[in-house]
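Novice: For reference, this is input19.cif, and it has mmCIF, C-alpha atoms and all ligand atoms.
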data_model
loop_
_atom_site.label_atom_id
_atom_site.label_comp_id
_atom_site.auth_asym_id
_atom_site.auth_seq_id
_atom_site.Cartn_x
_atom_site.Cartn_y
_atom_site.Cartn_z
CA MET O 1 -34.92 -5.26 18.06
CA LYS O 2 -37.47 -7.50 19.76
CA ALA O 3 -40.25 -5.18 18.64
CA LEU O 4 -38.94 -5.33 15.08
CA VAL O 5 -38.95 -9.13 15.18
CA GLN O 6 -42.56 -9.10 16.36
CA GLY O 7 -43.41 -6.62 13.63
CA VAL O 8 -41.81 -8.82 10.97
CA LEU O 9 -43.74 -11.85 12.17
CA GLN O 10 -46.95 -9.81 11.96
CA GLY O 11 -46.15 -8.79 8.41
CA GLU O 12 -45.35 -5.14 9.06
CA ARG O 13 -43.43 -3.66 6.16
CA ARG O 14 -41.66 -0.92 8.06
CA ALA O 15 -40.44 -3.34 10.69
CA LEU O 16 -39.23 -5.67 7.93
CA ALA O 17 -37.30 -2.93 6.15
CA ARG O 18 -35.76 -1.68 9.38
CA LEU O 19 -34.77 -5.10 10.63
CA LEU O 20 -33.12 -5.92 7.30
CA THR O 21 -31.06 -2.75 7.62
CA GLN O 22 -30.05 -3.58 11.17
CA ILE O 23 -28.99 -7.06 10.16
CA GLU O 24 -27.24 -5.89 7.02
CA ASN O 25 -25.18 -3.54 9.17
CA ARG O 26 -24.57 -6.29 11.70
CA ARG O 27 -25.93 -4.10 14.51
CA GLU O 28 -25.79 -5.46 18.00
CA GLY O 29 -28.66 -7.85 18.52
CA SER O 30 -28.73 -9.04 14.90
CA ASP O 31 -27.88 -12.59 15.82
CA ASP O 32 -30.57 -12.67 18.49
CA ALA O 33 -33.11 -11.31 16.04
CA LEU O 34 -32.15 -13.95 13.48
CA ALA O 35 -32.35 -16.63 16.13
CA ALA O 36 -35.83 -15.47 17.14
CA LEU O 37 -36.97 -15.61 13.51
CA PHE O 38 -35.31 -18.91 12.70
CA PRO O 39 -38.15 -21.18 13.93
CA HIS O 40 -40.42 -19.38 11.46
CA THR O 41 -38.23 -20.09 8.44
CA GLY O 42 -38.15 -22.98 6.01
CA ARG O 43 -41.48 -22.30 4.34
CA ALA O 44 -40.65 -20.00 1.43
CA HIS O 45 -39.55 -21.23 -1.96
CA LEU O 46 -36.23 -19.54 -2.67
CA ILE O 47 -35.48 -18.91 -6.33
CA GLY O 48 -32.07 -17.62 -7.35
CA VAL O 49 -31.75 -15.64 -10.57
CA THR O 50 -28.24 -15.13 -11.83
CA GLY O 51 -26.44 -14.40 -15.08
CA ALA O 52 -24.24 -11.92 -16.87
CA PRO O 53 -24.68 -8.18 -16.27
CA GLY O 54 -27.42 -6.78 -18.46
CA ALA O 55 -28.89 -10.15 -19.42
CA GLY O 56 -32.25 -8.91 -18.20
CA LYS O 57 -32.38 -10.43 -14.73
CA SER O 58 -34.20 -7.54 -13.06
CA THR O 59 -36.70 -7.26 -15.89
CA LEU O 60 -37.28 -10.99 -15.74
CA VAL O 61 -37.63 -10.99 -11.96
CA THR O 62 -40.20 -8.21 -12.23
CA ALA O 63 -42.17 -10.12 -14.86
CA LEU O 64 -41.94 -13.30 -12.83
CA ALA O 65 -43.11 -11.49 -9.70
CA LYS O 66 -46.13 -10.14 -11.59
CA ALA O 67 -47.03 -13.61 -12.82
CA LEU O 68 -46.67 -15.04 -9.32
CA ARG O 69 -48.85 -12.26 -7.94
CA GLY O 70 -51.40 -13.16 -10.58
CA ARG O 71 -51.62 -16.59 -8.96
CA GLY O 72 -52.05 -15.01 -5.56
CA GLN O 73 -48.60 -15.83 -4.22
CA SER O 74 -46.73 -13.24 -2.17
CA VAL O 75 -43.27 -12.38 -3.42
CA ALA O 76 -40.15 -10.84 -1.93
CA ILE O 77 -37.37 -9.72 -4.25
CA LEU O 78 -33.82 -9.47 -3.02
CA CYS O 79 -31.34 -7.79 -5.36
CA VAL O 80 -27.79 -8.61 -4.38
CA ASP O 81 -25.09 -6.56 -6.02
CA PRO O 82 -21.78 -7.72 -4.64
CA THR O 83 -19.39 -6.38 -7.23
CA SER O 84 -20.75 -3.47 -9.16
CA PRO O 85 -18.90 -0.24 -8.53
CA PHE O 86 -22.04 1.44 -9.84
CA THR O 87 -24.16 -0.02 -7.10
CA GLY O 88 -26.15 3.14 -6.49
CA GLY O 89 -27.06 3.50 -10.13
CA ALA O 90 -27.87 -0.14 -10.62
CA ILE O 91 -30.15 -0.15 -7.63
CA LEU O 92 -31.84 3.02 -8.81
CA GLY O 93 -32.36 1.42 -12.21
CA ASP O 94 -33.86 -1.67 -10.63
CA ARG O 95 -36.16 0.48 -8.50
CA ILE O 96 -37.48 2.29 -11.53
CA ARG O 97 -37.88 -0.95 -13.48
CA MET O 98 -39.68 -2.57 -10.61
CA ALA O 99 -41.85 0.47 -9.97
CA ASP O 100 -44.90 -1.19 -11.50
CA LEU O 101 -44.85 -3.61 -8.61
CA ALA O 102 -44.96 -0.78 -6.10
CA GLY O 103 -48.15 -0.35 -4.16
CA ASP O 104 -48.86 -4.06 -4.20
CA SER O 105 -48.82 -5.22 -0.58
CA GLY O 106 -48.00 -8.76 -1.71
CA VAL O 107 -44.62 -7.68 -3.05
CA PHE O 108 -41.58 -6.52 -1.12
CA ILE O 109 -38.44 -5.32 -2.89
CA ARG O 110 -35.08 -4.97 -1.26
CA SER O 111 -31.67 -4.13 -2.67
CA MET O 112 -28.59 -5.13 -0.78
CA ALA O 113 -25.33 -3.36 -1.35
CA THR O 114 -23.13 -6.02 0.12
CA ARG O 115 -19.85 -4.64 -1.04
CA GLY O 116 -17.45 -5.05 1.84
CA SER O 117 -20.15 -6.52 4.02
CA LEU O 118 -18.85 -8.35 7.04
CA GLY O 119 -19.06 -12.08 6.79
CA GLY O 120 -19.38 -12.11 3.02
CA VAL O 121 -22.11 -11.91 0.45
CA ALA O 122 -23.36 -15.43 0.92
CA SER O 123 -24.07 -15.10 4.60
CA ALA O 124 -25.60 -11.63 4.21
CA THR O 125 -27.86 -12.99 1.47
CA ARG O 126 -28.76 -16.03 3.51
CA ASP O 127 -29.68 -13.90 6.53
CA ALA O 128 -31.82 -11.53 4.49
CA ALA O 129 -33.57 -14.41 2.72
CA ARG O 130 -34.34 -15.94 6.11
CA VAL O 131 -35.90 -12.74 7.38
CA LEU O 132 -38.11 -12.61 4.27
CA ASP O 133 -38.98 -16.26 4.70
CA ALA O 134 -39.96 -15.66 8.32
CA ALA O 135 -42.01 -12.65 7.23
CA GLY O 136 -44.21 -15.13 5.41
CA PHE O 137 -43.52 -14.57 1.72
CA ASP O 138 -44.40 -17.56 -0.41
CA ILE O 139 -41.59 -16.91 -2.88
CA VAL O 140 -38.27 -15.15 -2.40
CA LEU O 141 -36.58 -14.17 -5.66
CA ILE O 142 -32.87 -13.50 -5.23
CA GLU O 143 -31.12 -11.67 -8.07
CA THR O 144 -27.33 -11.68 -8.23
CA VAL O 145 -24.89 -10.89 -10.98
CA GLY O 146 -23.05 -13.99 -12.11
CA ALA O 147 -19.62 -12.76 -11.23
CA GLY O 148 -17.36 -15.52 -10.08
CA GLN O 149 -18.07 -17.19 -6.81
CA SER O 150 -21.37 -15.50 -6.01
CA GLU O 151 -23.52 -17.53 -8.38
CA VAL O 152 -22.27 -20.73 -6.84
CA GLU O 153 -23.01 -19.36 -3.39
CA ILE O 154 -26.54 -18.52 -4.46
CA ALA O 155 -27.02 -22.07 -5.59
CA ARG O 156 -26.44 -23.14 -2.04
CA ILE O 157 -29.12 -20.80 -0.78
CA ALA O 158 -31.88 -21.13 -3.38
CA GLN O 159 -33.83 -24.30 -4.06
CA THR O 160 -34.30 -23.39 -7.69
CA VAL O 161 -31.60 -21.62 -9.66
CA ILE O 162 -32.41 -19.75 -12.87
CA VAL O 163 -29.45 -18.79 -15.03
CA VAL O 164 -30.22 -16.00 -17.49
CA GLU O 165 -28.39 -15.68 -20.79
CA ALA O 166 -29.04 -13.37 -23.70
CA PRO O 167 -28.24 -13.62 -27.41
CA GLY O 168 -24.80 -12.33 -28.20
CA MET O 169 -23.56 -13.32 -24.78
CA GLY O 170 -23.88 -17.06 -24.92
CA ASP O 171 -23.25 -17.81 -28.60
CA ASP O 172 -19.62 -18.32 -28.03
CA VAL O 173 -19.36 -21.47 -26.01
CA GLN O 174 -16.12 -20.22 -24.52
CA ALA O 175 -17.94 -17.18 -23.22
CA ILE O 176 -20.20 -19.26 -21.06
CA LYS O 177 -18.55 -19.35 -17.73
CA ALA O 178 -17.56 -22.79 -16.62
CA GLY O 179 -19.60 -23.70 -13.63
CA ILE O 180 -22.58 -21.48 -14.24
CA LEU O 181 -24.42 -24.10 -16.26
CA GLU O 182 -23.75 -26.69 -13.62
CA ILE O 183 -25.78 -24.78 -11.08
CA ALA O 184 -28.70 -24.02 -13.45
CA ASP O 185 -31.97 -25.80 -12.78
CA LEU O 186 -33.59 -23.61 -15.38
CA LEU O 187 -31.79 -21.88 -18.17
CA VAL O 188 -33.43 -18.79 -19.59
CA VAL O 189 -32.49 -17.32 -22.93
CA ASN O 190 -33.88 -13.84 -22.49
CA LYS O 191 -34.17 -11.11 -25.13
CA ALA O 192 -35.69 -13.65 -27.46
CA ASP O 193 -36.77 -10.67 -29.56
CA ASN O 194 -33.12 -10.09 -30.46
CA PRO O 195 -31.44 -11.66 -33.48
CA GLY O 196 -29.26 -14.67 -32.86
CA VAL O 197 -31.51 -16.18 -30.25
CA ASP O 198 -31.62 -19.55 -31.97
CA ASN O 199 -27.84 -19.79 -32.07
CA THR O 200 -27.72 -19.13 -28.36
CA VAL O 201 -30.39 -21.73 -27.68
CA ARG O 202 -28.57 -24.29 -29.82
CA ALA O 203 -25.21 -23.65 -28.12
CA LEU O 204 -26.70 -23.87 -24.66
CA LYS O 205 -28.66 -27.03 -25.45
CA MET O 206 -25.50 -28.67 -26.63
CA MET O 207 -23.66 -27.69 -23.47
CA LEU O 208 -26.48 -28.94 -21.29
CA GLU O 209 -26.59 -32.28 -23.03
CA LEU O 210 -22.85 -32.68 -22.75
CA GLY O 211 -22.78 -31.73 -19.12
CA HIS O 212 -25.58 -33.84 -17.78
CA PRO O 213 -25.86 -37.56 -17.40
CA VAL O 214 -29.16 -38.10 -19.15
CA ASN O 215 -30.44 -40.86 -21.38
CA GLY O 216 -27.81 -43.15 -19.96
CA GLN O 217 -25.06 -40.97 -21.27
CA MET O 218 -22.45 -39.05 -19.44
CA ARG O 219 -19.26 -37.26 -20.12
CA HIS O 220 -16.23 -39.28 -19.35
CA HIS O 221 -12.82 -37.73 -19.91
CA GLY O 222 -14.47 -35.35 -22.30
CA HIS O 223 -16.17 -38.04 -24.38
CA LEU O 224 -19.88 -38.63 -24.46
CA MET O 225 -20.42 -42.26 -23.62
CA THR O 226 -23.24 -44.56 -22.69
CA VAL O 227 -23.15 -46.00 -19.22
CA ASP O 228 -25.46 -47.75 -16.82
CA PHE O 229 -26.51 -46.09 -13.63
CA PRO O 230 -27.55 -49.01 -11.44
CA ASP O 231 -27.93 -46.89 -8.34
CA ALA O 232 -29.15 -43.77 -9.99
CA PRO O 233 -31.94 -44.20 -12.51
CA ASN O 234 -32.21 -41.57 -15.20
CA GLU O 235 -35.19 -39.86 -13.70
CA ASP O 236 -33.10 -39.02 -10.67
CA PHE O 237 -31.26 -36.40 -12.63
CA TRP O 238 -33.03 -33.16 -13.16
CA MET O 239 -32.32 -32.15 -16.72
CA PRO O 240 -32.17 -28.36 -16.68
CA ARG O 241 -34.98 -26.89 -18.74
CA LEU O 242 -34.34 -24.23 -21.29
CA VAL O 243 -36.91 -21.46 -21.67
CA LYS O 244 -36.95 -18.57 -24.14
CA THR O 245 -38.30 -15.30 -22.78
CA THR O 246 -38.77 -11.70 -23.77
CA ALA O 247 -38.92 -10.18 -20.33
CA ILE O 248 -39.81 -6.68 -21.55
CA ASN O 249 -43.16 -7.84 -22.95
CA GLY O 250 -43.74 -10.88 -20.78
CA GLN O 251 -43.43 -13.44 -23.55
CA GLY O 252 -42.35 -16.84 -22.26
CA ILE O 253 -42.91 -15.92 -18.62
CA ASP O 254 -45.79 -18.38 -18.28
CA ASP O 255 -43.54 -21.12 -19.66
CA LEU O 256 -40.87 -20.14 -17.18
CA LEU O 257 -43.37 -20.30 -14.35
CA LEU O 258 -44.42 -23.78 -15.48
CA ALA O 259 -40.78 -24.82 -15.51
CA VAL O 260 -40.32 -23.43 -11.99
CA ASP O 261 -43.37 -25.43 -10.88
CA ALA O 262 -42.02 -28.54 -12.59
CA HIS O 263 -38.71 -28.22 -10.79
CA GLN O 264 -40.43 -27.71 -7.48
CA ALA O 265 -42.69 -30.71 -8.07
CA TRP O 266 -39.69 -32.79 -9.07
CA LEU O 267 -37.94 -31.91 -5.80
CA ARG O 268 -41.08 -32.52 -3.78
CA ASP O 269 -41.95 -35.85 -5.40
CA ARG O 270 -38.51 -37.18 -4.56
CA ASP O 271 -38.58 -35.67 -1.10
CA ARG O 272 -35.46 -33.71 -1.97
CA PHE O 273 -36.19 -30.67 0.18
CA PRO O 274 -34.99 -32.18 3.48
CA GLN O 275 -31.94 -33.55 1.71
CA PHE O 276 -31.24 -30.20 0.15
CA GLU O 277 -31.70 -28.42 3.45
CA SER O 278 -29.46 -30.73 5.41
CA ALA O 279 -26.66 -30.27 2.87
CA GLN O 280 -27.24 -26.55 3.03
CA ILE O 281 -27.13 -26.47 6.81
CA ARG O 282 -23.93 -28.50 6.83
CA ASN O 283 -22.38 -26.03 4.41
CA GLU O 284 -23.51 -23.10 6.44
CA LEU O 285 -22.16 -24.52 9.68
CA LEU O 286 -18.78 -25.25 8.12
CA GLU O 287 -18.66 -21.77 6.62
CA ARG O 288 -19.52 -20.19 9.94
CA VAL O 289 -16.95 -22.29 11.78
CA ARG O 290 -14.33 -21.27 9.25
CA ASP O 291 -15.28 -17.59 9.57
CA SER O 292 -15.31 -17.66 13.33
CA LEU O 293 -11.97 -19.48 13.62
CA PHE O 294 -10.46 -17.03 11.18
CA ALA O 295 -11.88 -14.07 13.08
CA ARG O 296 -10.43 -15.44 16.29
CA TRP O 297 -7.08 -16.00 14.62
CA LEU O 298 -7.06 -12.44 13.27
CA ALA O 299 -7.82 -11.09 16.72
CA GLU O 300 -4.81 -12.96 18.09
CA HIS O 301 -2.34 -11.82 15.45
CA ASN O 302 -1.34 -8.34 14.45
CA ALA O 303 -0.34 -6.92 11.11
CA GLU O 304 3.36 -6.57 12.00
CA GLU O 305 3.55 -10.22 12.88
CA ILE O 306 2.07 -11.24 9.55
CA GLU O 307 4.32 -8.75 7.79
CA ALA O 308 7.39 -10.20 9.51
CA VAL O 309 6.50 -13.71 8.46
CA SER O 310 5.76 -12.67 4.92
CA ARG O 311 9.19 -11.00 4.71
CA ARG O 312 10.82 -14.25 5.83
CA VAL O 313 8.89 -16.12 3.17
CA GLN O 314 9.96 -13.59 0.56
CA ALA O 315 13.59 -13.97 1.67
CA ARG O 316 13.20 -17.73 1.20
CA THR O 317 14.22 -18.44 4.79
CA ILE O 318 10.94 -20.22 5.31
CA ALA O 319 8.45 -21.88 2.95
CA PRO O 320 4.84 -20.64 2.93
CA HIS O 321 3.64 -24.02 4.09
CA ASP O 322 5.86 -23.96 7.21
CA ALA O 323 5.08 -20.32 7.85
CA VAL O 324 1.38 -21.12 7.96
CA ALA O 325 1.94 -24.12 10.17
CA ASN O 326 3.73 -21.86 12.64
CA LEU O 327 1.18 -19.09 12.42
CA VAL O 328 -1.71 -21.39 13.02
CA VAL O 329 -0.25 -23.54 15.74
CA ALA O 330 2.05 -21.28 17.71
CA PRO O 331 0.62 -19.03 20.37
CA LYS O 332 1.09 -15.34 19.71
CA ALA O 333 4.19 -14.79 21.87
CA GLN O 334 6.39 -17.29 20.02
CA SER O 335 4.84 -17.52 16.58
CA VAL O 336 7.57 -18.11 13.98
N1 LIG A 1 -34.89 -6.34 -26.23
C1 LIG A 1 -34.99 -6.74 -24.98
N2 LIG A 1 -34.43 -6.03 -24.00
C2 LIG A 1 -34.54 -6.47 -22.73
C3 LIG A 1 -35.23 -7.67 -22.41
N3 LIG A 1 -35.16 -7.86 -21.09
C4 LIG A 1 -34.46 -6.82 -20.60
N4 LIG A 1 -34.09 -5.99 -21.57
C5 LIG A 1 -33.32 -4.74 -21.46
O1 LIG A 1 -31.99 -5.04 -21.12
C6 LIG A 1 -31.45 -4.05 -20.27
C7 LIG A 1 -30.91 -4.70 -19.00
O2 LIG A 1 -31.99 -5.26 -18.30
P1 LIG A 1 -31.91 -5.56 -16.75
O3 LIG A 1 -33.17 -6.23 -16.38
O4 LIG A 1 -31.51 -4.37 -16.00
O5 LIG A 1 -30.71 -6.58 -16.74
P2 LIG A 1 -29.93 -7.16 -15.46
O6 LIG A 1 -29.44 -8.50 -15.86
O7 LIG A 1 -30.79 -7.07 -14.25
O8 LIG A 1 -28.74 -6.15 -15.34
P3 LIG A 1 -27.74 -5.97 -14.09
O9 LIG A 1 -28.56 -6.11 -12.82
O10 LIG A 1 -27.17 -4.60 -14.27
O11 LIG A 1 -26.73 -7.05 -14.24
C8 LIG A 1 -32.58 -3.07 -19.99
O12 LIG A 1 -32.43 -1.98 -20.84
C9 LIG A 1 -33.83 -3.86 -20.34
O13 LIG A 1 -34.89 -3.07 -20.74
C10 LIG A 1 -35.84 -8.40 -23.48
O14 LIG A 1 -36.46 -9.44 -23.31
N5 LIG A 1 -35.67 -7.89 -24.74
MG MG A 2 -30.42 -6.17 -12.35
#
Translate the structure of the given file into structure tokens.
Ligand SMILES: Nc1nc2c(ncn2[C@@H]2O[C@H](COP(=O)(O)OP(=O)(O)OP(=O)(O)O)[C@@H](O)[C@H]2O)c(=O)[nH]1
Ligand SMILES: [Mg+2]
Specialist:
Amino acid sequence: MKALVQGVLQGERRALARLLTQIENRREGSDDALAALFPHTGRAHLIGVTGAPGAGKSTLVTALAKALRGRGQSVAILCVDPTSPFTGGAILGDRIRMADLAGDSGVFIRSMATRGSLGGVASATRDAARVLDAAGFDIVLIETVGAGQSEVEIARIAQTVIVVEAPGMGDDVQAIKAGILEIADLLVVNKADNPGVDNTVRALKMMLELGHPVNGQMRHHGHLMTVDFPDAPNEDFWMPRLVKTTAINGQGIDDLLLAVDAHQAWLRDRDRFPQFESAQIRNELLERVRDSLFARWLAEHNAEEIEAVSRRVQARTIAPHDAVANLVVAPKAQSV
């Protein structure tokens, strides 16, 4: 894998593709390869693009990549599909859609089928993004379907998070998943050529204003109220920007790019990148510690043991809380 690492650092596409596969499959030597690349990371701007299935994320990412290429920036696209049972088809669709980017040496497209991947989607995505970062891409666009936990995990990886909505999906305020707006730095209402776009924009604007402490206002027990922020002046909150796009014809993409730039400048001017990175690293370390302790625990306990304890819990002879205490503390021979 050493040769692959060298190849990646020299910008060789084949080496990059092969190393990503090796790492995705957690082949022996993956960790060493990642460690060798790590000093070369931290330069790319990572942009997460998430949202409901079919909102137009891939189309938007393609349009965005074209616009970035137009400015001379190199772009890597990472499509993460953690949930879809139609993974093969979805990836094929994305490939066809993104075909107009093919042949451009400044663009690299990669789909990750992370279903059942060891160590989880977040860490697989993080590793792949790091390889792309080390390979020297200016921008790494990471597309994931907003399905539960994954969009929040992306927010921890990307510096800028774009949440994509489309008319008919976001009109009903209840339909907007709690939490997804909270991670949005930029909110895109795509398919602006469809009817109902203004309703969607209005609903989202309202939600954004309710959810963010701007203009000295914040939500308190569900009520909008005016408060002072002595330690946190208003300009220290990034108010998510809302951009209307029609990804299929490129309308609004320039505005979106300006909004991306504005967010980046906002982070840079406040020297937020180191802060962001240190929080991210802390998260990662805690996640990895948790995973490694759990892996160790699993290796020390067998299925029958766990089955036996779960039967005792079901029979009400022991409470779950005590069962766990025993399982975690007791050495294998005498557990519970
Ligand atoms: N009318 C219209 N259709 C669009 C627009 N953007 C995307 N579409 C269409 O919407 C469909 C879904 O687009 P995708 O880009 O695959 O959406 P996605 O969010 O990546 O979908 P998944 O990855 O499957 O979740 C495709 O048929 C696109 O051509 C748009 O701005 N207007
Ligand atoms: Mg897609």
Novice: Which residue out of O:Asp81, O:Glu12, O:Glu284, O:Glu304 has the minimum interatomic distance to ligand MG 2 (chain A) when all atoms listed in the file are used?
Specialist: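 Using all atoms listed in the file, the shortest distance to ligand MG 2 (chain A) belongs to O:Asp81.
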Novice: Considering only C-alpha atoms and all ligand atoms, can you say which of O:Ala65, O:Leu9, O:Leu60, O:Leu4 comes closest to ligand MG 2 (chain A)?
Specialist: O:Leu60
Novice: Enumerate as a PDB file with C-alpha atoms, in the coordinates of the input the residues within 6 Å of ligand LIG 1 (chain A), counting all atoms listed in the file.
Specialist:
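What ended up in pocket32.pdb:
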ATOM      1  CA  PRO O  53     -24.680  -8.180 -16.270  1.00  0.00           C
ATOM      2  CA  GLY O  54     -27.420  -6.780 -18.460  1.00  0.00           C
ATOM      3  CA  ALA O  55     -28.890 -10.150 -19.420  1.00  0.00           C
ATOM      4  CA  GLY O  56     -32.250  -8.910 -18.200  1.00  0.00           C
ATOM      5  CA  LYS O  57     -32.380 -10.430 -14.730  1.00  0.00           C
ATOM      6  CA  SER O  58     -34.200  -7.540 -13.060  1.00  0.00           C
ATOM      7  CA  THR O  59     -36.700  -7.260 -15.890  1.00  0.00           C
ATOM      8  CA  ALA O  90     -27.870  -0.140 -10.620  1.00  0.00           C
ATOM      9  CA  VAL O 145     -24.890 -10.890 -10.980  1.00  0.00           C
ATOM     10  CA  ASN O 190     -33.880 -13.840 -22.490  1.00  0.00           C
ATOM     11  CA  LYS O 191     -34.170 -11.110 -25.130  1.00  0.00           C
ATOM     12  CA  ALA O 192     -35.690 -13.650 -27.460  1.00  0.00           C
ATOM     13  CA  ASP O 193     -36.770 -10.670 -29.560  1.00  0.00           C
ATOM     14  CA  ASN O 194     -33.120 -10.090 -30.460  1.00  0.00           C
ATOM     15  CA  THR O 246     -38.770 -11.700 -23.770  1.00  0.00           C
ATOM     16  CA  ALA O 247     -38.920 -10.180 -20.330  1.00  0.00           C
ATOM     17  CA  ILE O 248     -39.810  -6.680 -21.550  1.00  0.00           C
TER      18      ILE O 248
END
Novice: Give me, as a list in words, all polymer residues having an atom no more than 12 Å from Ala17 (chain O), counting all atoms listed in the file and skipping those fewer than 4 positions away in the same chain.
Specialist: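 What passes the distance filter is Leu4, Val5, Gly7, Val8, Gly11, Glu12, Arg13, Thr21, Gln22, Ile23, Glu24, Ala76, Leu78, Phe108, Ile109, Arg110, Ser111, Met112, Ala128, Val131, Leu132 and Ala135 of chain O.
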Novice: List every protein, DNA or RNA residue with an atom no more than 12 Å from (-33.5, -23.9, -3.0) in the file's coordinates, counting all atoms listed in the file, and format the result as a ChimeraX atom specification.
Specialist: /O:42-49,126,129,139-142,153-162,183-185,260,263-264,267-268,272-281
Novice: Nearest residue to ligand MG 2 (chain A) out of O:Ala319, O:Thr62, O:Gln73, O:Gln314, using only C-alpha atoms and all ligand atoms?
Specialist: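 Nearest candidate to ligand MG 2 (chain A) out of O:Ala319, O:Thr62, O:Gln73, O:Gln314: O:Thr62.
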Novice: I need the residue nearest ligand MG 2 (chain A) from this list: O:Ala36, O:Val61, O:Asp127, O:Leu242. Use only C-alpha atoms and all ligand atoms for the distance.
Specialist: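 Residue with the minimum atom-to-atom distance to ligand MG 2 (chain A): O:Val61.
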Novice: Check the smallest atom-to-atom distance from each of O:Ala303, O:Leu257, O:Ala262, O:Val164 to ligand MG 2 (chain A) using only C-alpha atoms and all ligand atoms, then report the winner.
Specialist: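 Of O:Ala303, O:Leu257, O:Ala262, O:Val164, the one nearest ligand MG 2 (chain A) is O:Val164, counting only C-alpha atoms and all ligand atoms.
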Novice: Using the file's own x, y and z axes, what box holds all listed atoms of region 263-279 of chain O with 3 Å on each side, keeping edges along x, y and z, and what are its centre and edge lengths in Å to one decimal, as AutoDock Vina command-line options?
Specialist:
--center_x -34.7 --center_y -32.4 --center_z -2.7 --size_x 22.0 --size_y 15.5 --size_z 22.2
Novice: Could you work out how far CA of Ile253 (chain O) lies from CA of Ala265 (chain O), giving the answer in Å with one decimal?
Specialist: 18.2 Å
Novice: Could you please determine the separation between CA of Trp297 (chain O) and CA of Ala33 (chain O) in Å, to one decimal place?
Specialist: 26.5 Å
Novice: Would you work out the distance separating CA of Lys2 (chain O) from CA of Val80 (chain O), expressed in Å to one decimal?
Specialist: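 Separating CA of Lys2 (chain O) from CA of Val80 (chain O) is a distance of 26.0 Å.
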Novice: Of the residues O:Asn25, O:Thr144, O:Thr125, O:Arg71, which is the one nearest to ligand MG 2 (chain A), using only C-alpha atoms and all ligand atoms?
Specialist: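 Counting only C-alpha atoms and all ligand atoms, the residue closest to ligand MG 2 (chain A) is O:Thr144.
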Novice: Could you give me, as a list in words, the residues within 10 Å of Asp198 (chain O), counting all atoms listed in the file and dropping anything in the same chain fewer than 5 positions from it?
Specialist: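 Answer for this query is Pro167, Asp171, Val189, Ala192, Ala203, Leu204 and Lys244 of chain O.
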